[in-house]
Amino acid sequence: NRRQAHYALTRPGCLESLVAPDEAQLLRSVLPEQWSLAHDWEEARSLFEENPTGFVAKNVLRPRTGSQKTQSRDSHGVLVDSEETIRCLLKRDSTGNPVGKNYILYRRLYPKCHDAEIAHDGKGFIFEGDAVSEVATYGVILKNGDDVLVNRLAGMGARTRPASKCHPLSEALGYGAIGPICASMSERPT
């Protein structure tokens, strides 16, 4: 699961076990700050209480309503951004476990907005100062014990979308709608 993998990469020592320390520091600088409500509950709760509007949460499993079963890629991993809902996730159940144990809390980010023209379904949309762009890279790392067998860039993606989730085009583009860009990378020096 992508969210669980991203969370694992933010834990102390994880990146350093995969890449050189200077590369780990660079990678960590672009990873979002995040706290598992299953593993970092006390720290997450404390940070949230200091700034209740400064956080959002995502379910690591993308479950159907109440089923805790993983959804298909066609579904939306709903962003939890209401203070009230996050507060409920931070409660403990009757057994003492966090109610939101399948959630990761993220510090809220505000991307820089810009002008853009977006084509979708044969129509053009002009955005004046209210579009955002995202870039993603996808990698493959295979290890056998301490031996790294493969550590390669697998692909890249980029998209521009409306900054507001309320814009009618936002739902059509969704979070998974990244247009592929071909990329190649030479072997990493040893």
# chains A, B, ... in the order shown; residues from 1 in each chain; ligands from 1

$ residues_around --residues "region 114-129 of chain A" --least-positions-apart "2" --cutoff "10 Å" --atoms "only C-alpha atoms" --output "PyMOL selection string"
chain A and resi 111-112+131-133+159-163+169+172-173

$ write_last_selection --atoms "C-alpha atoms" --output "PDB file, in the first residue's frame"
ATOM      1  CA  PRO A 111       0.376  24.223  -2.774  1.00  0.00           C
ATOM      2  CA  LYS A 112       1.333  27.283  -4.797  1.00  0.00           C
ATOM      3  CA  ALA A 131      -4.581  25.782 -10.613  1.00  0.00           C
ATOM      4  CA  VAL A 132      -1.967  23.580  -8.939  1.00  0.00           C
ATOM      5  CA  SER A 133       0.509  21.119 -10.417  1.00  0.00           C
ATOM      6  CA  ARG A 159      -0.722  16.745 -13.702  1.00  0.00           C
ATOM      7  CA  THR A 160      -2.298  20.144 -13.356  1.00  0.00           C
ATOM      8  CA  ARG A 161      -5.704  20.402 -11.726  1.00  0.00           C
ATOM      9  CA  PRO A 162      -8.039  23.005 -10.211  1.00  0.00           C
ATOM     10  CA  ALA A 163      -6.851  24.163  -6.788  1.00  0.00           C
ATOM     11  CA  LEU A 169     -13.379  19.387 -13.031  1.00  0.00           C
ATOM     12  CA  ALA A 172     -13.276  14.251 -13.093  1.00  0.00           C
ATOM     13  CA  LEU A 173      -9.491  14.495 -12.687  1.00  0.00           C
TER      14      LEU A 173
END

$ select_by_dssp --residues "chain A" --states "alpha helix (DSSP H)" --output "ChimeraX atom specification"
/A:2-10,21-30,41-50,83-89,168-173

$ atom_distance --atom1 "CA of Leu37 (chain A)" --atom2 "CA of Tyr103 (chain A)"
5.7 Å

$ residues_around --residues "Val56 (chain A)" --least-positions-apart "6" --cutoff "9 Å" --atoms "only C-alpha atoms" --output "ChimeraX atom specification"
/A:79-83,86,104-108

$ select_by_dssp --residues "region 77-184 of chain A" --states "strand (DSSP E)" --output "ChimeraX atom specification"
/A:79-80,103-107,114-120,123-144,147-162,179-181

$ residues_around --residues "region 91-94 of chain A" --least-positions-apart "3" --cutoff "12 Å" --atoms "only C-alpha atoms" --output "number ranges by chain"
A: 37-38, 41-42, 44-45, 84-88, 97-101

$ closest_residue --among "A:Ala57, A:Ala24, A:Val148, A:Leu153" --to "Ser36 (chain A)" --atoms "only C-alpha atoms"
A:Ala57

$ closest_residue --among "A:Ala5, A:Leu15, A:Ala154, A:Cys113" --to "Glu134 (chain A)" --atoms "only C-alpha atoms"
A:Cys113

$ residues_around --residues "Ser29 (chain A)" --least-positions-apart "6" --cutoff "12 Å" --atoms "only C-alpha atoms" --output "count of residues only"
5

$ closest_residue --among "A:Phe55, A:Asp130, A:Cys14, A:Pro21" --to "Lys165 (chain A)" --atoms "only C-alpha atoms"
A:Asp130

$ atom_distance --atom1 "CA of Thr53 (chain A)" --atom2 "CA of Glu171 (chain A)"
23.5 Å

$ closest_residue --among "A:Val135, A:Leu31, A:Leu26, A:Glu49" --to "Ala8 (chain A)" --atoms "only C-alpha atoms"
A:Leu31

$ closest_residue --among "A:Leu18, A:His39, A:Pro32, A:Arg3" --to "Asn144 (chain A)" --atoms "only C-alpha atoms"
A:Leu18
